[in-house]
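File shown here: work00.cif, holding mmCIF, C-alpha atoms and all ligand atoms.
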```
data_protein
#
loop_
_atom_site.label_atom_id
_atom_site.label_comp_id
_atom_site.auth_asym_id
_atom_site.auth_seq_id
_atom_site.Cartn_x
_atom_site.Cartn_y
_atom_site.Cartn_z
CA MET A 1 -9.60 5.64 18.94
CA HIS A 2 -6.38 7.39 19.91
CA PHE A 3 -2.83 6.26 20.70
CA LYS A 4 -1.09 7.37 23.88
CA VAL A 5 2.62 6.74 23.42
CA THR A 6 5.11 6.84 26.28
CA PRO A 7 8.83 7.21 25.48
CA SER A 8 10.31 3.72 25.23
CA ALA A 9 12.82 1.70 23.22
CA LEU A 10 12.41 -1.46 21.18
CA ARG A 11 14.49 -4.42 22.33
CA ASP A 12 16.16 -7.31 20.49
CA ALA A 13 13.50 -9.55 18.95
CA ARG A 14 12.30 -11.63 16.04
CA VAL A 15 8.94 -10.37 14.80
CA THR A 16 6.40 -10.92 12.08
CA VAL A 17 4.15 -8.36 10.45
CA PRO A 18 0.87 -8.98 8.58
CA GLY A 19 0.60 -9.91 4.92
CA ASP A 20 1.14 -7.57 2.00
CA LYS A 21 -1.85 -5.36 1.24
CA SER A 22 -1.22 -5.03 -2.49
CA VAL A 23 -0.74 -8.77 -2.99
CA SER A 24 -3.79 -9.60 -0.84
CA HIS A 25 -6.07 -7.33 -2.93
CA ARG A 26 -4.78 -8.85 -6.15
CA ALA A 27 -5.17 -12.43 -4.89
CA LEU A 28 -8.84 -11.70 -4.20
CA MET A 29 -9.58 -10.05 -7.53
CA LEU A 30 -7.55 -12.36 -9.76
CA GLY A 31 -8.56 -15.49 -7.82
CA SER A 32 -12.20 -14.48 -8.31
CA ILE A 33 -11.97 -14.26 -12.11
CA ALA A 34 -9.75 -17.34 -12.44
CA GLU A 35 -10.99 -20.79 -13.44
CA GLY A 36 -11.00 -23.08 -10.41
CA ARG A 37 -9.88 -22.61 -6.85
CA THR A 38 -7.28 -20.21 -5.50
CA GLU A 39 -5.93 -20.88 -2.01
CA VAL A 40 -4.35 -17.93 -0.28
CA SER A 41 -2.17 -18.02 2.83
CA GLY A 42 -0.64 -15.05 4.62
CA PHE A 43 -3.67 -12.91 3.64
CA LEU A 44 -3.86 -9.45 5.22
CA ASP A 45 -6.98 -9.55 7.37
CA GLY A 46 -7.18 -5.76 7.44
CA ASP A 47 -10.14 -3.52 6.65
CA ASP A 48 -8.99 -2.58 3.12
CA CYS A 49 -8.63 -6.17 1.92
CA LEU A 50 -11.79 -7.23 3.73
CA ALA A 51 -13.61 -4.54 1.72
CA THR A 52 -12.29 -6.13 -1.47
CA ALA A 53 -13.36 -9.58 -0.23
CA ALA A 54 -16.87 -8.27 0.47
CA ALA A 55 -16.93 -6.64 -2.97
CA MET A 56 -16.00 -9.89 -4.72
CA ARG A 57 -18.62 -11.79 -2.70
CA SER A 58 -21.23 -9.21 -3.74
CA LEU A 59 -20.29 -10.03 -7.33
CA GLY A 60 -21.23 -13.66 -6.77
CA VAL A 61 -17.87 -15.19 -5.82
CA ARG A 62 -17.69 -17.73 -3.01
CA ILE A 63 -14.80 -16.85 -0.69
CA ASP A 64 -14.24 -18.79 2.52
CA GLN A 65 -11.87 -17.58 5.23
CA PRO A 66 -11.06 -20.67 7.33
CA SER A 67 -8.65 -18.60 9.44
CA PRO A 68 -7.87 -14.87 9.47
CA THR A 69 -4.91 -15.31 7.12
CA GLU A 70 -6.32 -18.01 4.82
CA LEU A 71 -8.76 -17.70 1.94
CA ILE A 72 -10.31 -20.20 -0.38
CA ILE A 73 -11.63 -18.48 -3.47
CA GLU A 74 -13.86 -20.42 -5.87
CA GLY A 75 -13.02 -18.63 -9.11
CA VAL A 76 -15.94 -17.98 -11.47
CA GLY A 77 -13.88 -17.42 -14.63
CA LEU A 78 -13.40 -14.26 -16.66
CA HIS A 79 -17.11 -13.93 -17.46
CA GLY A 80 -18.64 -15.42 -14.32
CA LEU A 81 -19.12 -12.31 -12.15
CA ARG A 82 -22.75 -11.34 -11.48
CA ALA A 83 -24.43 -7.95 -10.99
CA PRO A 84 -24.18 -6.78 -7.36
CA ALA A 85 -27.44 -6.14 -5.49
CA ALA A 86 -26.21 -2.81 -4.11
CA ASP A 87 -23.49 -0.18 -4.44
CA ILE A 88 -20.04 -1.56 -3.63
CA ASP A 89 -18.46 0.19 -0.63
CA LEU A 90 -14.67 -0.02 -0.71
CA GLY A 91 -14.10 1.83 2.56
CA ASN A 92 -10.73 3.58 2.68
CA SER A 93 -9.05 1.65 -0.13
CA GLY A 94 -7.78 3.47 -3.21
CA THR A 95 -6.25 0.26 -4.53
CA ALA A 96 -9.58 -1.55 -4.32
CA MET A 97 -11.45 1.25 -6.07
CA ARG A 98 -9.01 1.78 -8.92
CA LEU A 99 -8.39 -1.90 -9.64
CA MET A 100 -12.08 -2.79 -9.31
CA ALA A 101 -12.95 0.00 -11.75
CA GLY A 102 -10.69 -1.67 -14.32
CA LEU A 103 -12.16 -5.08 -13.61
CA LEU A 104 -15.76 -3.89 -13.73
CA SER A 105 -15.45 -1.75 -16.88
CA GLY A 106 -15.63 -4.82 -19.11
CA GLN A 107 -18.56 -6.59 -17.42
CA ALA A 108 -22.00 -7.22 -18.89
CA PHE A 109 -23.61 -5.41 -15.91
CA GLY A 110 -23.29 -1.95 -14.41
CA SER A 111 -22.01 -1.18 -10.92
CA VAL A 112 -21.41 1.68 -8.52
CA LEU A 113 -18.23 2.02 -6.45
CA THR A 114 -18.13 4.19 -3.36
CA GLY A 115 -16.10 4.59 -0.17
CA ASP A 116 -15.45 6.55 3.02
CA ALA A 117 -14.85 10.31 3.41
CA SER A 118 -11.16 9.99 2.41
CA LEU A 119 -11.72 7.72 -0.60
CA THR A 120 -14.60 9.78 -1.97
CA GLY A 121 -12.22 12.77 -2.05
CA ARG A 122 -9.50 11.02 -4.07
CA PRO A 123 -8.83 11.58 -7.77
CA MET A 124 -10.27 8.96 -10.14
CA GLY A 125 -9.79 10.91 -13.38
CA ARG A 126 -6.48 9.08 -13.69
CA ILE A 127 -8.30 5.77 -14.28
CA ILE A 128 -11.43 7.15 -15.94
CA LYS A 129 -9.35 8.62 -18.76
CA PRO A 130 -7.66 5.43 -20.03
CA LEU A 131 -10.67 3.21 -19.30
CA THR A 132 -12.88 5.58 -21.31
CA GLN A 133 -10.38 5.40 -24.16
CA MET A 134 -10.85 1.63 -24.04
CA GLY A 135 -14.59 2.06 -24.52
CA ALA A 136 -15.79 2.07 -20.91
CA ALA A 137 -18.38 4.54 -19.62
CA ILE A 138 -17.74 5.80 -16.09
CA GLU A 139 -19.48 8.68 -14.35
CA SER A 140 -17.89 10.35 -11.33
CA ASP A 141 -18.64 13.49 -9.33
CA CYS A 142 -17.82 16.58 -11.39
CA ASP A 143 -14.38 16.92 -9.78
CA GLY A 144 -13.47 13.36 -10.81
CA THR A 145 -14.03 11.83 -7.37
CA PRO A 146 -16.16 8.80 -6.37
CA PRO A 147 -18.79 7.46 -6.36
CA LEU A 148 -18.07 5.88 -9.73
CA GLN A 149 -20.95 4.67 -11.82
CA ILE A 150 -19.67 2.10 -14.29
CA SER A 151 -21.87 1.11 -17.23
CA GLY A 152 -22.11 -2.52 -18.27
CA GLY A 153 -22.45 -4.24 -21.59
CA LEU A 154 -19.83 -2.26 -23.49
CA GLN A 155 -17.18 -4.03 -25.57
CA LEU A 156 -13.73 -2.72 -24.62
CA HIS A 157 -10.88 -2.51 -27.10
CA GLY A 158 -7.14 -2.59 -26.43
CA ILE A 159 -5.18 0.68 -26.32
CA HIS A 160 -1.64 1.74 -25.69
CA TYR A 161 -1.53 4.10 -22.71
CA ASP A 162 1.45 6.23 -21.76
CA LEU A 163 0.95 6.64 -18.02
CA PRO A 164 1.32 10.36 -17.20
CA ILE A 165 2.09 9.51 -13.55
CA ALA A 166 3.91 6.57 -12.02
CA SER A 167 1.00 4.61 -10.52
CA ALA A 168 0.68 0.87 -10.05
CA GLN A 169 -3.03 1.34 -9.44
CA VAL A 170 -3.60 3.01 -12.80
CA LYS A 171 -1.36 0.50 -14.58
CA SER A 172 -3.25 -2.38 -12.95
CA ALA A 173 -6.68 -0.90 -13.73
CA VAL A 174 -5.77 -0.68 -17.43
CA LEU A 175 -4.31 -4.21 -17.50
CA LEU A 176 -7.35 -5.71 -15.74
CA ALA A 177 -9.67 -3.97 -18.21
CA GLY A 178 -7.34 -5.27 -20.91
CA LEU A 179 -8.31 -8.83 -20.02
CA TYR A 180 -11.83 -7.95 -21.24
CA ALA A 181 -10.72 -5.94 -24.29
CA GLN A 182 -10.40 -6.99 -27.89
CA GLY A 183 -6.79 -6.99 -29.03
CA THR A 184 -3.68 -5.95 -27.15
CA THR A 185 -3.59 -3.54 -24.22
CA SER A 186 -0.29 -2.00 -23.24
CA VAL A 187 1.06 0.69 -20.94
CA THR A 188 4.37 2.45 -20.52
CA GLU A 189 5.40 3.71 -17.12
CA PRO A 190 7.33 6.94 -16.52
CA ALA A 191 9.04 5.17 -13.58
CA VAL A 192 8.91 1.59 -12.37
CA THR A 193 6.03 0.88 -9.96
CA ARG A 194 5.09 -2.24 -8.01
CA ASP A 195 4.57 -5.15 -10.40
CA HIS A 196 2.45 -7.51 -8.27
CA THR A 197 -0.36 -7.52 -10.84
CA GLU A 198 1.96 -8.59 -13.62
CA ARG A 199 3.59 -11.30 -11.47
CA MET A 200 0.28 -12.75 -10.30
CA LEU A 201 -1.27 -12.70 -13.77
CA GLY A 202 1.83 -14.57 -14.97
CA ALA A 203 1.49 -17.09 -12.12
CA MET A 204 -2.12 -17.67 -13.19
CA GLY A 205 -1.12 -18.47 -16.73
CA VAL A 206 -1.71 -15.15 -18.49
CA GLU A 207 0.86 -14.29 -21.12
CA ILE A 208 2.08 -10.86 -20.15
CA ILE A 209 5.02 -9.14 -21.76
CA SER A 210 7.25 -6.75 -19.82
CA GLU A 211 9.91 -5.10 -21.96
CA GLY A 212 11.70 -2.22 -20.34
CA ASN A 213 8.98 0.11 -19.10
CA ARG A 214 6.29 -1.32 -21.42
CA ILE A 215 3.82 -3.98 -20.25
CA ALA A 216 1.35 -5.66 -22.62
CA LEU A 217 -1.27 -8.38 -22.62
CA ASP A 218 -3.85 -9.74 -25.07
CA GLY A 219 -7.51 -9.69 -24.08
CA GLY A 220 -9.62 -12.80 -23.57
CA GLN A 221 -6.98 -14.91 -21.80
CA SER A 222 -8.29 -17.06 -19.00
CA LEU A 223 -6.64 -17.24 -15.59
CA CYS A 224 -5.95 -20.49 -13.73
CA GLY A 225 -6.61 -20.68 -10.00
CA THR A 226 -3.44 -21.27 -8.01
CA GLN A 227 -1.83 -21.17 -4.56
CA VAL A 228 -0.83 -17.69 -3.41
CA THR A 229 1.46 -17.25 -0.42
CA VAL A 230 1.36 -13.60 0.53
CA PRO A 231 4.67 -12.21 1.81
CA ALA A 232 4.75 -10.02 4.93
CA ASP A 233 4.23 -6.39 3.96
CA LEU A 234 7.44 -4.37 3.61
CA SER A 235 5.36 -1.22 4.11
CA SER A 236 4.26 -2.48 7.54
CA ALA A 237 7.74 -3.78 8.33
CA THR A 238 8.97 -0.23 7.72
CA PHE A 239 7.42 0.96 11.00
CA ILE A 240 9.26 -1.74 12.93
CA MET A 241 12.47 -0.91 11.03
CA LEU A 242 12.00 2.74 11.93
CA GLY A 243 11.40 1.99 15.61
CA THR A 244 14.50 -0.21 15.67
CA LEU A 245 16.71 2.39 14.02
CA LEU A 246 15.58 4.98 16.58
CA SER A 247 16.03 2.73 19.64
CA GLN A 248 19.37 2.47 21.41
CA ASP A 249 21.15 -0.83 20.67
CA ALA A 250 18.10 -2.69 19.33
CA ASP A 251 18.70 -5.56 16.90
CA ILE A 252 15.48 -6.85 15.33
CA ILE A 253 14.72 -9.44 12.67
CA ILE A 254 11.45 -9.17 10.74
CA GLU A 255 10.59 -12.48 9.14
CA ASN A 256 9.65 -13.34 5.56
CA VAL A 257 9.11 -9.82 4.28
CA GLY A 258 8.42 -9.12 0.60
CA ILE A 259 11.49 -7.66 -1.06
CA ASN A 260 10.13 -7.34 -4.58
CA PRO A 261 12.62 -4.89 -6.16
CA THR A 262 9.74 -2.62 -7.18
CA ARG A 263 9.08 -2.03 -3.46
CA THR A 264 12.52 -1.81 -1.86
CA GLY A 265 13.23 1.91 -2.31
CA VAL A 266 12.82 2.35 1.44
CA LEU A 267 15.78 0.05 2.12
CA ASP A 268 17.98 2.01 -0.30
CA ILE A 269 16.93 5.37 1.13
CA LEU A 270 17.46 4.30 4.76
CA ARG A 271 20.82 2.71 3.96
CA ALA A 272 21.94 5.92 2.23
CA MET A 273 21.06 7.67 5.52
CA GLY A 274 23.35 5.28 7.43
CA ALA A 275 20.87 2.57 8.47
CA ASP A 276 22.29 -0.86 9.28
CA ILE A 277 19.88 -3.14 7.40
CA SER A 278 20.70 -6.56 5.98
CA LEU A 279 18.67 -9.27 4.26
CA GLU A 280 18.91 -12.87 5.43
CA HIS A 281 17.55 -16.13 3.99
CA PRO A 282 16.24 -14.75 0.70
CA GLN A 283 13.82 -17.08 -1.10
CA LEU A 284 10.93 -17.02 -3.56
CA LEU A 285 7.31 -17.41 -2.41
CA GLY A 286 5.73 -18.23 -5.75
CA LYS A 287 6.68 -15.27 -7.90
CA GLU A 288 7.43 -12.89 -5.03
CA PRO A 289 10.89 -12.68 -3.40
CA VAL A 290 11.04 -12.54 0.43
CA ALA A 291 13.76 -12.37 3.06
CA ASP A 292 14.22 -11.82 6.78
CA ILE A 293 15.14 -8.19 7.33
CA ARG A 294 17.68 -7.57 10.09
CA VAL A 295 17.83 -4.01 11.41
CA ARG A 296 20.14 -2.59 14.06
CA ALA A 297 19.81 0.77 15.82
CA SER A 298 21.79 3.32 13.78
CA GLN A 299 22.77 6.98 13.87
CA LEU A 300 21.17 8.39 10.73
CA HIS A 301 22.34 11.39 8.71
CA GLY A 302 20.40 13.61 6.34
CA GLY A 303 21.08 14.52 2.73
CA PRO A 304 19.16 14.63 -0.54
CA VAL A 305 16.86 11.64 -1.12
CA ASP A 306 17.26 10.26 -4.64
CA PRO A 307 14.04 11.16 -6.54
CA ALA A 308 14.56 8.08 -8.73
CA LEU A 309 13.60 5.99 -5.68
CA VAL A 310 10.26 7.71 -5.05
CA SER A 311 8.00 5.29 -6.95
CA LEU A 312 9.80 2.35 -5.31
CA ALA A 313 9.09 3.71 -1.83
CA ILE A 314 5.84 5.57 -2.42
CA ASP A 315 4.08 4.47 0.79
CA GLU A 316 7.11 4.84 3.03
CA PHE A 317 7.55 8.63 3.05
CA PRO A 318 5.66 9.29 6.29
CA ALA A 319 8.07 6.90 8.03
CA LEU A 320 11.03 8.36 6.14
CA PHE A 321 10.06 11.86 7.34
CA VAL A 322 10.39 10.58 10.91
CA ALA A 323 13.74 8.96 10.11
CA ALA A 324 14.84 12.33 8.66
CA ALA A 325 13.75 14.18 11.80
CA SER A 326 15.90 11.86 13.91
CA ALA A 327 18.89 12.21 11.55
CA SER A 328 21.69 14.74 11.81
CA GLY A 329 21.48 17.68 9.40
CA LYS A 330 18.65 18.21 6.96
CA THR A 331 17.03 15.76 4.56
CA THR A 332 15.60 16.97 1.27
CA PHE A 333 12.70 15.11 -0.34
CA SER A 334 11.73 16.03 -3.91
CA GLY A 335 9.37 14.62 -6.54
CA ILE A 336 6.90 13.41 -3.90
CA GLY A 337 3.83 15.40 -5.03
CA GLU A 338 1.78 12.15 -5.29
CA LEU A 339 1.83 12.03 -1.49
CA ARG A 340 -0.66 14.87 -1.50
CA VAL A 341 -3.39 12.58 -2.95
CA LYS A 342 -2.94 9.51 -0.73
CA GLU A 343 -5.27 8.59 2.16
CA SER A 344 -4.45 12.12 3.38
CA ASP A 345 -2.20 14.88 2.06
CA ARG A 346 0.78 13.11 3.57
CA ILE A 347 3.25 15.96 3.14
CA ALA A 348 0.96 18.37 4.98
CA ALA A 349 -0.15 15.78 7.56
CA MET A 350 3.40 14.78 8.50
CA ALA A 351 4.64 18.37 8.48
CA ASP A 352 1.79 19.32 10.82
CA GLY A 353 2.43 16.42 13.21
CA MET A 354 6.18 16.79 13.33
CA ARG A 355 6.01 20.59 13.78
CA ARG A 356 3.69 20.08 16.75
CA LEU A 357 6.42 17.84 18.17
CA GLY A 358 9.14 20.47 17.71
CA ILE A 359 10.62 19.50 14.32
CA ARG A 360 11.23 22.06 11.57
CA VAL A 361 9.74 21.03 8.22
CA ASP A 362 9.81 23.29 5.14
CA GLU A 363 7.13 22.24 2.66
CA SER A 364 6.93 22.82 -1.08
CA ALA A 365 4.32 21.69 -3.62
CA ASP A 366 6.08 18.40 -4.33
CA GLY A 367 8.72 18.16 -1.66
CA ALA A 368 9.85 18.87 1.88
CA VAL A 369 13.00 19.62 3.82
CA VAL A 370 13.06 17.96 7.23
CA HIS A 371 15.53 19.35 9.76
CA GLY A 372 16.96 16.90 12.28
CA GLY A 373 15.98 17.65 15.88
CA ARG A 374 14.36 16.22 19.00
CA PHE A 375 10.71 15.28 19.29
CA THR A 376 8.93 16.90 22.22
CA GLY A 377 5.75 15.52 23.76
CA GLY A 378 2.36 16.80 22.61
CA GLU A 379 -0.85 16.03 20.80
CA VAL A 380 -1.03 15.38 17.04
CA GLU A 381 -3.61 14.48 14.40
CA SER A 382 -3.36 11.39 12.18
CA PHE A 383 -5.78 12.94 9.67
CA HIS A 384 -7.42 9.47 9.69
CA ASP A 385 -4.40 8.17 7.74
CA HIS A 386 -3.02 4.80 8.89
CA ARG A 387 0.55 5.45 7.81
CA VAL A 388 0.63 8.94 9.34
CA ALA A 389 -0.65 7.47 12.62
CA MET A 390 1.96 4.68 12.72
CA SER A 391 4.82 6.96 11.67
CA LEU A 392 4.00 9.47 14.40
CA ALA A 393 3.64 6.60 16.90
CA MET A 394 7.20 5.49 16.15
CA ALA A 395 8.41 9.12 16.41
CA ALA A 396 6.73 9.31 19.80
CA THR A 397 8.79 6.41 21.14
CA ILE A 398 11.83 8.72 21.13
CA ALA A 399 10.01 11.89 22.16
CA ASP A 400 10.96 13.71 25.37
CA ASP A 401 7.47 13.24 26.76
CA GLU A 402 4.14 11.52 26.20
CA VAL A 403 2.48 11.96 22.77
CA MET A 404 -1.23 11.59 22.00
CA ILE A 405 -2.08 10.67 18.39
CA ARG A 406 -5.71 11.32 17.53
CA ASP A 407 -8.10 9.24 15.37
CA VAL A 408 -6.07 6.13 14.65
CA ASP A 409 -8.92 3.74 13.74
CA ASN A 410 -7.63 3.41 10.18
CA VAL A 411 -4.45 1.66 11.35
CA ASP A 412 -6.54 -1.50 10.97
CA THR A 413 -6.76 -0.93 7.21
CA SER A 414 -3.18 -2.12 6.74
CA PHE A 415 -1.68 -3.25 10.07
CA PRO A 416 -4.21 -4.89 12.40
CA GLY A 417 -2.50 -5.61 15.73
CA PHE A 418 0.09 -2.84 15.28
CA CYS A 419 -0.08 -1.74 18.91
CA ASP A 420 0.22 -5.23 20.36
CA ARG A 421 3.15 -6.11 18.14
CA VAL A 422 5.07 -2.94 18.95
CA THR A 423 4.28 -3.23 22.66
CA ALA A 424 5.44 -6.87 22.68
CA ILE A 425 8.93 -5.75 21.63
CA GLY A 426 9.30 -2.88 24.07
CA GLY A 427 7.21 -0.03 22.64
CA ALA A 428 4.67 1.62 24.93
CA ILE A 429 1.54 2.39 22.94
CA GLU A 430 -1.80 2.42 24.68
CA ILE A 431 -5.13 2.54 22.83
CA LEU A 432 -7.62 5.06 24.21
CA LYS A 433 -11.22 4.71 23.08
C1 LIG B 501 -0.72 0.42 -4.63
C2 LIG B 501 -0.15 1.42 -5.37
C3 LIG B 501 0.29 2.71 -4.84
C4 LIG B 501 0.36 2.67 -3.31
C5 LIG B 501 -0.83 2.00 -2.68
C6 LIG B 501 -0.94 0.56 -3.17
C7 LIG B 501 -1.15 -0.84 -5.28
O1 LIG B 501 -0.64 3.70 -5.22
O2 LIG B 501 0.48 3.98 -2.80
O3 LIG B 501 -0.75 2.00 -1.27
O4 LIG B 501 -1.44 -1.82 -4.56
O5 LIG B 501 -1.18 -0.86 -6.51
P1 LIG B 501 -0.48 4.54 -6.59
O6 LIG B 501 -0.71 3.64 -7.72
O7 LIG B 501 -1.56 5.61 -6.48
O8 LIG B 501 0.89 5.14 -6.53
#
```

Exercise: express the given structure as structure tokens:
Amino acid sequence: MHFKVTPSALRDARVTVPGDKSVSHRALMLGSIAEGRTEVSGFLDGDDCLATAAAMRSLGVRIDQPSPTELIIEGVGLHGLRAPAADIDLGNSGTAMRLMAGLLSGQAFGSVLTGDASLTGRPMGRIIKPLTQMGAAIESDCDGTPPLQISGGLQLHGIHYDLPIASAQVKSAVLLAGLYAQGTTSVTEPAVTRDHTERMLGAMGVEIISEGNRIALDGGQSLCGTQVTVPADLSSATFIMLGTLLSQDADIIIENVGINPTRTGVLDILRAMGADISLEHPQLLGKEPVADIRVRASQLHGGPVDPALVSLAIDEFPALFVAAASASGKTTFSGIGELRVKESDRIAAMADGMRRLGIRVDESADGAVVHGGRFTGGEVESFHDHRVAMSLAMAATIADDEVMIRDVDNVDTSFPGFCDRVTAIGGAIEILK
């Protein structure tokens, strides 16, 4: 599938975007090992989370989906998962693989986790190392990539782990394994990362201590099934925000978006570039804060992006690169080396796409300088990366001519219905099969 984008502008609107991917994955995994029923609304019915749902079903959990955004999970308790009949295929989802590895390390049975071409090229040494220290046995390919073969029947023990990189996936893998470990498991983070795991564990009755950058829990605690209302995904809202900022005069409200402070780096970075963004009707959905985000078209300016905000905006850099290209002057990104091991090498992928559309990008190992300019028409690659595809699609709305974006199937991993939603508010994206 490819996108053909014709220059267009978004118009004033109120919109919704699908549910949060991170929260949806966690609702499935934690709901499955809870005692009793967990009812989820606002679930992200995208390919990544559906892979996690299939994985939990293959482990013996009954999960009904009465509508695309609702789940009823019949929790089996901490020790109720059963051996899967086959390898577990987690598609494109790094979150699913890393969190599941933590969850499965402490089970009585063995399992094998695998995925698509992108996922089987991604580094897993970062979770294998702490989980092994806890007593797990995990085999990977020799370069530390999946498939992962996880042994069963090993008793885990609590450790303290100083995370060498800021990663919510690694933190969550260790904490989930910690539920099955003897004693206390704790981590310290080099920078704050999304804390959805901690919040949801707390909502399900687990005693979890967060003090400064240290998070700790005792093993053996049971989880209580609960109601989870998933906020709209700020990472998906970012593409609508971007399109609005780039459109002349647009004024768009995106409803009920998660504004957990461990995710809102994108708002701070865009505001520092001159974006007119305000939050309306803030409220709590369970343990997660949400608000309507109001964005108005704005003239952006470049400058250095605060590296302290990187872990709070980790998925938003492809979109921020496009914002930088449309800004006056140059924008300097530093400390973003982790982008090279996402669904694609996002620094290289975005630099390639934007250069093909006439923008100057100077790359370094862990950074980039994006020079403001005008997007021309042309043909670009998404590198099978959903966020690269959507970022370039929004860039294309202000290009001088038509833009073709190749291989966009993976947009459905995080933002099913992206094209329809953007087209409904004035964008002109056509899907070519
Ligand atoms: C996620 C954590 C981040 C993020 C990913 C989702 C999560 O990954 O990029 O899209 O749900 O925990 P890292 O932990 O690798 O930074």

May I have the residues within 10 Å of ligand LIG 501 (chain B), computed using only C-alpha atoms and all ligand atoms, as a PyMOL selection string? chain A and resi 20-26+93-96+98-99+122-123+126+165-173+193-197+235+263+310-316+338-339+341-343+387+414

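Protein and nucleic acid residues near (2.8, -2.4, 12.8) are Val17, Ser236, Ala237, Phe239, Ile240, Met390, Phe415, Pro416, Gly417, Phe418, Cys419, Arg421 and Val422 of chain A, the criterion being any atom at most 8 Å away using only C-alpha atoms.
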
Enclosing box along x, y and z for every listed atom of stretch 147-157 of chain A, padded 8 Å each side, centre and size in Å, one decimal, as lines of an AutoDock Vina configuration file:
```
center_x = -16.7
center_y = 1.6
center_z = -16.7
size_x = 27.6
size_y = 27.7
size_z = 36.7
```

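Put simply, atom CA of A:Ala34 is 12.4 Å away from atom CA of A:Ile72.
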
Can you pull out the residues contacting A:His384? Cut-off 7 Å, using only C-alpha atoms, and skip same-chain residues under 6 positions away; I want them as a VMD selection string. chain A and resid 407 to 408 410
